[in-house]
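Student: See target_36.cif below, with mmCIF, N, CA and C atoms.
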data_query
#
loop_
_atom_site.label_atom_id
_atom_site.label_comp_id
_atom_site.auth_asym_id
_atom_site.auth_seq_id
_atom_site.Cartn_x
_atom_site.Cartn_y
_atom_site.Cartn_z
N MET A 1 -38.13 -47.92 -24.92
CA MET A 1 -38.28 -47.57 -26.32
C MET A 1 -38.62 -46.08 -26.45
N VAL A 2 -37.98 -45.40 -27.37
CA VAL A 2 -38.21 -43.98 -27.57
C VAL A 2 -39.45 -43.78 -28.43
N LYS A 3 -40.35 -42.94 -27.94
CA LYS A 3 -41.58 -42.65 -28.69
C LYS A 3 -41.31 -41.49 -29.64
N PRO A 4 -41.51 -41.67 -30.94
CA PRO A 4 -41.30 -40.57 -31.88
C PRO A 4 -42.21 -39.39 -31.56
N THR A 5 -41.75 -38.22 -31.85
CA THR A 5 -42.51 -37.01 -31.57
C THR A 5 -43.42 -36.66 -32.74
N HIS A 6 -44.47 -35.91 -32.46
CA HIS A 6 -45.35 -35.41 -33.51
C HIS A 6 -44.87 -34.07 -34.03
N VAL A 7 -43.90 -33.50 -33.34
CA VAL A 7 -43.36 -32.21 -33.74
C VAL A 7 -42.51 -32.41 -34.99
N THR A 8 -42.77 -31.60 -36.00
CA THR A 8 -41.95 -31.64 -37.21
C THR A 8 -41.05 -30.41 -37.20
N ASN A 9 -40.06 -30.41 -38.08
CA ASN A 9 -39.15 -29.27 -38.09
C ASN A 9 -38.60 -29.02 -39.49
N SER A 10 -38.03 -27.84 -39.63
CA SER A 10 -37.44 -27.41 -40.90
C SER A 10 -35.94 -27.21 -40.76
N ILE A 11 -35.32 -27.90 -39.82
CA ILE A 11 -33.90 -27.68 -39.56
C ILE A 11 -33.04 -27.98 -40.78
N ARG A 12 -33.28 -29.10 -41.43
CA ARG A 12 -32.46 -29.45 -42.60
C ARG A 12 -32.55 -28.36 -43.67
N THR A 13 -33.76 -27.93 -43.97
CA THR A 13 -33.96 -26.87 -44.97
C THR A 13 -33.26 -25.59 -44.54
N LEU A 14 -33.39 -25.23 -43.28
CA LEU A 14 -32.76 -24.01 -42.78
C LEU A 14 -31.23 -24.12 -42.80
N ARG A 15 -30.71 -25.29 -42.49
CA ARG A 15 -29.25 -25.46 -42.55
C ARG A 15 -28.73 -25.21 -43.96
N PHE A 16 -29.41 -25.77 -44.96
CA PHE A 16 -28.96 -25.61 -46.34
C PHE A 16 -29.18 -24.19 -46.85
N ALA A 17 -30.18 -23.51 -46.33
CA ALA A 17 -30.44 -22.12 -46.72
C ALA A 17 -29.43 -21.17 -46.06
N ASN A 18 -28.72 -21.66 -45.05
CA ASN A 18 -27.74 -20.85 -44.34
C ASN A 18 -26.33 -21.35 -44.63
N GLY A 19 -25.97 -21.31 -45.88
CA GLY A 19 -24.61 -21.67 -46.28
C GLY A 19 -24.27 -23.13 -46.12
N GLU A 20 -25.28 -23.99 -46.27
CA GLU A 20 -25.09 -25.43 -46.13
C GLU A 20 -24.40 -25.78 -44.81
N MET A 21 -24.91 -25.19 -43.73
CA MET A 21 -24.41 -25.46 -42.39
C MET A 21 -24.50 -26.96 -42.11
N THR A 22 -23.46 -27.52 -41.54
CA THR A 22 -23.49 -28.95 -41.21
C THR A 22 -24.21 -29.17 -39.89
N GLN A 23 -24.59 -30.41 -39.67
CA GLN A 23 -25.20 -30.76 -38.40
C GLN A 23 -24.22 -30.49 -37.25
N ALA A 24 -22.95 -30.75 -37.49
CA ALA A 24 -21.93 -30.51 -36.47
C ALA A 24 -21.80 -29.02 -36.16
N ASP A 25 -21.87 -28.17 -37.20
CA ASP A 25 -21.81 -26.72 -36.99
C ASP A 25 -22.98 -26.26 -36.12
N LEU A 26 -24.17 -26.73 -36.45
CA LEU A 26 -25.35 -26.35 -35.68
C LEU A 26 -25.23 -26.85 -34.25
N ALA A 27 -24.79 -28.08 -34.08
CA ALA A 27 -24.62 -28.65 -32.74
C ALA A 27 -23.65 -27.81 -31.91
N ASP A 28 -22.55 -27.39 -32.51
CA ASP A 28 -21.57 -26.56 -31.80
C ASP A 28 -22.18 -25.23 -31.37
N ARG A 29 -22.98 -24.64 -32.24
CA ARG A 29 -23.57 -23.34 -31.93
C ARG A 29 -24.64 -23.42 -30.86
N VAL A 30 -25.29 -24.59 -30.75
CA VAL A 30 -26.35 -24.77 -29.77
C VAL A 30 -25.81 -25.38 -28.48
N GLY A 31 -24.66 -26.05 -28.58
CA GLY A 31 -24.05 -26.66 -27.40
C GLY A 31 -24.53 -28.07 -27.12
N VAL A 32 -24.82 -28.81 -28.19
CA VAL A 32 -25.23 -30.22 -28.06
C VAL A 32 -24.38 -31.06 -29.00
N THR A 33 -24.61 -32.37 -28.99
CA THR A 33 -23.86 -33.24 -29.90
C THR A 33 -24.52 -33.28 -31.27
N ARG A 34 -23.75 -33.69 -32.25
CA ARG A 34 -24.27 -33.85 -33.60
C ARG A 34 -25.39 -34.89 -33.61
N GLN A 35 -25.25 -35.93 -32.78
CA GLN A 35 -26.26 -36.98 -32.71
C GLN A 35 -27.60 -36.42 -32.23
N THR A 36 -27.56 -35.42 -31.35
CA THR A 36 -28.80 -34.79 -30.88
C THR A 36 -29.48 -34.06 -32.03
N ILE A 37 -28.71 -33.34 -32.83
CA ILE A 37 -29.27 -32.62 -33.98
C ILE A 37 -29.86 -33.62 -34.97
N ILE A 38 -29.18 -34.72 -35.21
CA ILE A 38 -29.69 -35.75 -36.12
C ILE A 38 -31.03 -36.27 -35.61
N ALA A 39 -31.12 -36.58 -34.32
CA ALA A 39 -32.35 -37.12 -33.74
C ALA A 39 -33.49 -36.12 -33.84
N ILE A 40 -33.20 -34.84 -33.62
CA ILE A 40 -34.23 -33.81 -33.73
C ILE A 40 -34.69 -33.70 -35.18
N GLU A 41 -33.76 -33.63 -36.11
CA GLU A 41 -34.11 -33.52 -37.54
C GLU A 41 -34.98 -34.69 -37.98
N GLN A 42 -34.69 -35.88 -37.49
CA GLN A 42 -35.41 -37.08 -37.91
C GLN A 42 -36.73 -37.28 -37.15
N GLY A 43 -37.03 -36.36 -36.22
CA GLY A 43 -38.27 -36.48 -35.47
C GLY A 43 -38.26 -37.55 -34.40
N LYS A 44 -37.06 -37.99 -34.02
CA LYS A 44 -36.94 -39.02 -32.98
C LYS A 44 -36.80 -38.41 -31.59
N TYR A 45 -36.62 -37.10 -31.53
CA TYR A 45 -36.41 -36.43 -30.25
C TYR A 45 -36.94 -35.01 -30.34
N SER A 46 -37.65 -34.60 -29.30
CA SER A 46 -38.11 -33.21 -29.22
C SER A 46 -37.17 -32.44 -28.31
N PRO A 47 -36.66 -31.33 -28.78
CA PRO A 47 -35.75 -30.55 -27.94
C PRO A 47 -36.51 -29.86 -26.81
N SER A 48 -35.78 -29.48 -25.78
CA SER A 48 -36.39 -28.67 -24.73
C SER A 48 -36.80 -27.34 -25.36
N LEU A 49 -37.66 -26.63 -24.67
CA LEU A 49 -38.08 -25.33 -25.17
C LEU A 49 -36.88 -24.40 -25.31
N GLU A 50 -36.00 -24.44 -24.34
CA GLU A 50 -34.80 -23.60 -24.39
C GLU A 50 -33.94 -23.92 -25.62
N MET A 51 -33.73 -25.22 -25.87
CA MET A 51 -32.93 -25.61 -27.03
C MET A 51 -33.63 -25.22 -28.33
N ALA A 52 -34.94 -25.34 -28.36
CA ALA A 52 -35.69 -24.96 -29.56
C ALA A 52 -35.48 -23.48 -29.86
N PHE A 53 -35.55 -22.64 -28.83
CA PHE A 53 -35.30 -21.21 -29.04
C PHE A 53 -33.86 -20.95 -29.49
N GLN A 54 -32.91 -21.68 -28.95
CA GLN A 54 -31.52 -21.52 -29.35
C GLN A 54 -31.34 -21.86 -30.82
N ILE A 55 -31.97 -22.93 -31.27
CA ILE A 55 -31.89 -23.33 -32.68
C ILE A 55 -32.50 -22.24 -33.56
N ALA A 56 -33.67 -21.73 -33.17
CA ALA A 56 -34.31 -20.67 -33.96
C ALA A 56 -33.41 -19.44 -34.03
N ARG A 57 -32.75 -19.10 -32.94
CA ARG A 57 -31.86 -17.93 -32.93
C ARG A 57 -30.66 -18.10 -33.85
N VAL A 58 -30.14 -19.32 -33.94
CA VAL A 58 -29.02 -19.58 -34.86
C VAL A 58 -29.42 -19.18 -36.28
N PHE A 59 -30.66 -19.49 -36.65
CA PHE A 59 -31.14 -19.19 -38.00
C PHE A 59 -31.80 -17.82 -38.11
N ASN A 60 -31.92 -17.12 -36.98
CA ASN A 60 -32.54 -15.79 -36.94
C ASN A 60 -33.97 -15.82 -37.49
N VAL A 61 -34.72 -16.82 -37.02
CA VAL A 61 -36.13 -16.96 -37.42
C VAL A 61 -36.99 -17.19 -36.18
N ARG A 62 -38.30 -17.09 -36.36
CA ARG A 62 -39.23 -17.37 -35.26
C ARG A 62 -39.25 -18.87 -34.97
N LEU A 63 -39.62 -19.20 -33.75
CA LEU A 63 -39.69 -20.60 -33.33
C LEU A 63 -40.59 -21.43 -34.23
N ASP A 64 -41.74 -20.86 -34.63
CA ASP A 64 -42.68 -21.62 -35.47
C ASP A 64 -42.21 -21.76 -36.92
N GLU A 65 -41.11 -21.11 -37.26
CA GLU A 65 -40.52 -21.31 -38.59
C GLU A 65 -39.57 -22.50 -38.58
N VAL A 66 -39.19 -22.95 -37.37
CA VAL A 66 -38.32 -24.10 -37.24
C VAL A 66 -39.12 -25.35 -36.86
N PHE A 67 -40.03 -25.19 -35.89
CA PHE A 67 -40.79 -26.33 -35.37
C PHE A 67 -42.28 -26.13 -35.62
N GLN A 68 -42.94 -27.22 -36.00
CA GLN A 68 -44.37 -27.20 -36.26
C GLN A 68 -45.01 -28.37 -35.52
N TYR A 69 -46.22 -28.12 -35.02
CA TYR A 69 -47.01 -29.17 -34.37
C TYR A 69 -48.29 -29.30 -35.15
N PRO A 70 -48.55 -30.47 -35.74
CA PRO A 70 -49.72 -30.62 -36.62
C PRO A 70 -51.04 -30.41 -35.90
N ASP A 71 -51.97 -29.83 -36.61
CA ASP A 71 -53.32 -29.62 -36.10
C ASP A 71 -54.06 -30.94 -36.25
N GLU A 72 -54.45 -31.55 -35.14
CA GLU A 72 -55.09 -32.87 -35.18
C GLU A 72 -56.59 -32.81 -35.01
N GLN A 73 -57.20 -31.75 -35.49
CA GLN A 73 -58.64 -31.60 -35.36
C GLN A 73 -59.40 -32.35 -36.45
N GLY A 74 -58.69 -33.04 -37.35
CA GLY A 74 -59.28 -33.69 -38.48
C GLY A 74 -60.37 -34.58 -38.16
#
Written as structure tokens, how would this file's structure read?

Tutor:
Amino acid sequence: MVKPTHVTNSIRTLRFANGEMTQADLADRVGVTRQTIIAIEQGKYSPSLEMAFQIARVFNVRLDEVFQYPDEQG
């Protein structure tokens, strides 16, 4: 069973802010399948650090503008 990740992301928002880029377009630019992008967007999969940087570069933003890890000090 796949354990959902605590990492959240802004990929969907960034895709729409960048000319309504499709999941397939992003997948092609990063070199993964569309299903991988879907799983990352839905929080079902955490990308490798390398893939995370590649995604951030596609959008020309910092890594922490794409991926967030909640502060659990509550």

Student: Give me every strand (DSSP E or B) residue in chain A, going by DSSP on the backbone, as a list in words.

Tutor: Thr8, Asn9, Phe67 and Gln68 of chain A

Student: Translate the PyMOL selection byres ((chain A and resi 46-61) around 8) into a concrete residue list for this structure, as number ranges by chain.

Tutor: A: 3-7, 14-15, 18, 26, 29-30, 39-41, 43-45, 62-67

Student: Record the distance separating atom CA of A:Arg34 and atom N of A:Tyr69, expressed in Å with one decimal.

Tutor: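 Distance reported for this atom pair: 22.7 Å.
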
Student: Return as a PyMOL selection string the full set of residues in chain A whose backbone-based DSSP assignment is helix (DSSP H, G or I).

Tutor: chain A and resi 11-17+23-30+34-41+49-59+63-66

Student: Counting only C-alpha atoms, which of A:Asp28, A:Gln35, A:Gln23, A:Pro70 gets nearest to A:Ile11?

Tutor: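 Using only C-alpha atoms, A:Ile11 sits closest to A:Gln23.
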
Student: How far is it from atom CA of A:Asp71 to atom CA of A:Ser10, in Å with one decimal?

Tutor: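 Going from atom CA of A:Asp71 over to atom CA of A:Ser10, I get 16.7 Å.
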
Student: Record the distance separating atom N of A:Gly19 and atom CA of A:Ile38, expressed in Å with one decimal.

Tutor: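 Here the two named atoms are 17.8 Å from each other.
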
Student: Would you fill out stretch 12-23 of chain A with all heavy atoms and return it as a PDB file, keeping the file's coordinate frame?

Tutor:
ATOM      1  N   ARG A  12     -33.280 -29.100 -41.430  1.00  0.00           N
ATOM      2  CA  ARG A  12     -32.460 -29.450 -42.600  1.00  0.00           C
ATOM      3  C   ARG A  12     -32.550 -28.360 -43.670  1.00  0.00           C
ATOM      4  O   ARG A  12     -31.542 -27.903 -44.198  1.00  0.00           O
ATOM      5  CB  ARG A  12     -32.907 -30.801 -43.158  1.00  0.00           C
ATOM      6  CG  ARG A  12     -32.112 -31.273 -44.352  1.00  0.00           C
ATOM      7  CD  ARG A  12     -32.451 -32.735 -44.652  1.00  0.00           C
ATOM      8  NE  ARG A  12     -32.104 -33.192 -45.968  1.00  0.00           N
ATOM      9  CZ  ARG A  12     -30.891 -33.319 -46.470  1.00  0.00           C
ATOM     10  NH1 ARG A  12     -29.858 -32.965 -45.779  1.00  0.00           N
ATOM     11  NH2 ARG A  12     -30.694 -33.778 -47.683  1.00  0.00           N
ATOM     12  N   THR A  13     -33.760 -27.930 -43.970  1.00  0.00           N
ATOM     13  CA  THR A  13     -33.960 -26.870 -44.970  1.00  0.00           C
ATOM     14  C   THR A  13     -33.260 -25.590 -44.540  1.00  0.00           C
ATOM     15  O   THR A  13     -32.577 -24.943 -45.354  1.00  0.00           O
ATOM     16  CB  THR A  13     -35.469 -26.596 -45.151  1.00  0.00           C
ATOM     17  OG1 THR A  13     -36.102 -27.806 -45.555  1.00  0.00           O
ATOM     18  CG2 THR A  13     -35.715 -25.511 -46.179  1.00  0.00           C
ATOM     19  N   LEU A  14     -33.390 -25.230 -43.280  1.00  0.00           N
ATOM     20  CA  LEU A  14     -32.760 -24.010 -42.780  1.00  0.00           C
ATOM     21  C   LEU A  14     -31.230 -24.120 -42.800  1.00  0.00           C
ATOM     22  O   LEU A  14     -30.546 -23.143 -43.115  1.00  0.00           O
ATOM     23  CB  LEU A  14     -33.240 -23.708 -41.355  1.00  0.00           C
ATOM     24  CG  LEU A  14     -34.680 -23.217 -41.261  1.00  0.00           C
ATOM     25  CD1 LEU A  14     -35.187 -23.315 -39.826  1.00  0.00           C
ATOM     26  CD2 LEU A  14     -34.797 -21.796 -41.784  1.00  0.00           C
ATOM     27  N   ARG A  15     -30.710 -25.290 -42.490  1.00  0.00           N
ATOM     28  CA  ARG A  15     -29.250 -25.460 -42.550  1.00  0.00           C
ATOM     29  C   ARG A  15     -28.730 -25.210 -43.960  1.00  0.00           C
ATOM     30  O   ARG A  15     -27.739 -24.516 -44.153  1.00  0.00           O
ATOM     31  CB  ARG A  15     -28.848 -26.883 -42.117  1.00  0.00           C
ATOM     32  CG  ARG A  15     -28.899 -27.123 -40.640  1.00  0.00           C
ATOM     33  CD  ARG A  15     -28.212 -28.413 -40.198  1.00  0.00           C
ATOM     34  NE  ARG A  15     -28.714 -29.626 -40.813  1.00  0.00           N
ATOM     35  CZ  ARG A  15     -28.101 -30.305 -41.802  1.00  0.00           C
ATOM     36  NH1 ARG A  15     -26.948 -29.895 -42.285  1.00  0.00           N
ATOM     37  NH2 ARG A  15     -28.636 -31.408 -42.292  1.00  0.00           N
ATOM     38  N   PHE A  16     -29.410 -25.770 -44.960  1.00  0.00           N
ATOM     39  CA  PHE A  16     -28.960 -25.610 -46.340  1.00  0.00           C
ATOM     40  C   PHE A  16     -29.180 -24.190 -46.850  1.00  0.00           C
ATOM     41  O   PHE A  16     -28.401 -23.696 -47.670  1.00  0.00           O
ATOM     42  CB  PHE A  16     -29.602 -26.648 -47.249  1.00  0.00           C
ATOM     43  CG  PHE A  16     -28.919 -27.978 -47.145  1.00  0.00           C
ATOM     44  CD1 PHE A  16     -29.317 -28.905 -46.194  1.00  0.00           C
ATOM     45  CD2 PHE A  16     -27.841 -28.287 -47.953  1.00  0.00           C
ATOM     46  CE1 PHE A  16     -28.660 -30.121 -46.059  1.00  0.00           C
ATOM     47  CE2 PHE A  16     -27.173 -29.500 -47.838  1.00  0.00           C
ATOM     48  CZ  PHE A  16     -27.592 -30.424 -46.882  1.00  0.00           C
ATOM     49  N   ALA A  17     -30.180 -23.510 -46.330  1.00  0.00           N
ATOM     50  CA  ALA A  17     -30.440 -22.120 -46.720  1.00  0.00           C
ATOM     51  C   ALA A  17     -29.430 -21.170 -46.060  1.00  0.00           C
ATOM     52  O   ALA A  17     -29.302 -20.025 -46.469  1.00  0.00           O
ATOM     53  CB  ALA A  17     -31.856 -21.723 -46.328  1.00  0.00           C
ATOM     54  N   ASN A  18     -28.720 -21.660 -45.050  1.00  0.00           N
ATOM     55  CA  ASN A  18     -27.740 -20.850 -44.340  1.00  0.00           C
ATOM     56  C   ASN A  18     -26.330 -21.350 -44.630  1.00  0.00           C
ATOM     57  O   ASN A  18     -25.604 -21.770 -43.722  1.00  0.00           O
ATOM     58  CB  ASN A  18     -28.027 -20.871 -42.836  1.00  0.00           C
ATOM     59  CG  ASN A  18     -29.178 -19.976 -42.460  1.00  0.00           C
ATOM     60  OD1 ASN A  18     -28.980 -18.824 -42.137  1.00  0.00           O
ATOM     61  ND2 ASN A  18     -30.402 -20.507 -42.540  1.00  0.00           N
ATOM     62  N   GLY A  19     -25.970 -21.310 -45.880  1.00  0.00           N
ATOM     63  CA  GLY A  19     -24.610 -21.670 -46.280  1.00  0.00           C
ATOM     64  C   GLY A  19     -24.270 -23.130 -46.120  1.00  0.00           C
ATOM     65  O   GLY A  19     -23.121 -23.476 -45.867  1.00  0.00           O
ATOM     66  N   GLU A  20     -25.280 -23.990 -46.270  1.00  0.00           N
ATOM     67  CA  GLU A  20     -25.090 -25.430 -46.130  1.00  0.00           C
ATOM     68  C   GLU A  20     -24.400 -25.780 -44.810  1.00  0.00           C
ATOM     69  O   GLU A  20     -23.444 -26.551 -44.761  1.00  0.00           O
ATOM     70  CB  GLU A  20     -24.334 -26.010 -47.338  1.00  0.00           C
ATOM     71  CG  GLU A  20     -25.114 -25.848 -48.624  1.00  0.00           C
ATOM     72  CD  GLU A  20     -24.557 -26.641 -49.790  1.00  0.00           C
ATOM     73  OE1 GLU A  20     -23.680 -27.504 -49.586  1.00  0.00           O
ATOM     74  OE2 GLU A  20     -25.018 -26.391 -50.913  1.00  0.00           O
ATOM     75  N   MET A  21     -24.910 -25.190 -43.730  1.00  0.00           N
ATOM     76  CA  MET A  21     -24.410 -25.460 -42.390  1.00  0.00           C
ATOM     77  C   MET A  21     -24.500 -26.960 -42.110  1.00  0.00           C
ATOM     78  O   MET A  21     -25.511 -27.591 -42.411  1.00  0.00           O
ATOM     79  CB  MET A  21     -25.261 -24.689 -41.376  1.00  0.00           C
ATOM     80  CG  MET A  21     -24.853 -24.885 -39.935  1.00  0.00           C
ATOM     81  SD  MET A  21     -25.998 -24.090 -38.780  1.00  0.00           S
ATOM     82  CE  MET A  21     -25.810 -22.374 -39.233  1.00  0.00           C
ATOM     83  N   THR A  22     -23.460 -27.520 -41.540  1.00  0.00           N
ATOM     84  CA  THR A  22     -23.490 -28.950 -41.210  1.00  0.00           C
ATOM     85  C   THR A  22     -24.210 -29.170 -39.890  1.00  0.00           C
ATOM     86  O   THR A  22     -24.400 -28.243 -39.094  1.00  0.00           O
ATOM     87  CB  THR A  22     -22.066 -29.523 -41.089  1.00  0.00           C
ATOM     88  OG1 THR A  22     -21.418 -28.919 -39.958  1.00  0.00           O
ATOM     89  CG2 THR A  22     -21.248 -29.276 -42.366  1.00  0.00           C
ATOM     90  N   GLN A  23     -24.590 -30.410 -39.670  1.00  0.00           N
ATOM     91  CA  GLN A  23     -25.200 -30.760 -38.400  1.00  0.00           C
ATOM     92  C   GLN A  23     -24.220 -30.490 -37.250  1.00  0.00           C
ATOM     93  O   GLN A  23     -24.626 -30.023 -36.189  1.00  0.00           O
ATOM     94  CB  GLN A  23     -25.623 -32.234 -38.401  1.00  0.00           C
ATOM     95  CG  GLN A  23     -26.772 -32.503 -39.347  1.00  0.00           C
ATOM     96  CD  GLN A  23     -27.000 -33.977 -39.596  1.00  0.00           C
ATOM     97  OE1 GLN A  23     -26.065 -34.770 -39.577  1.00  0.00           O
ATOM     98  NE2 GLN A  23     -28.244 -34.345 -39.844  1.00  0.00           N
TER      99      GLN A  23
END
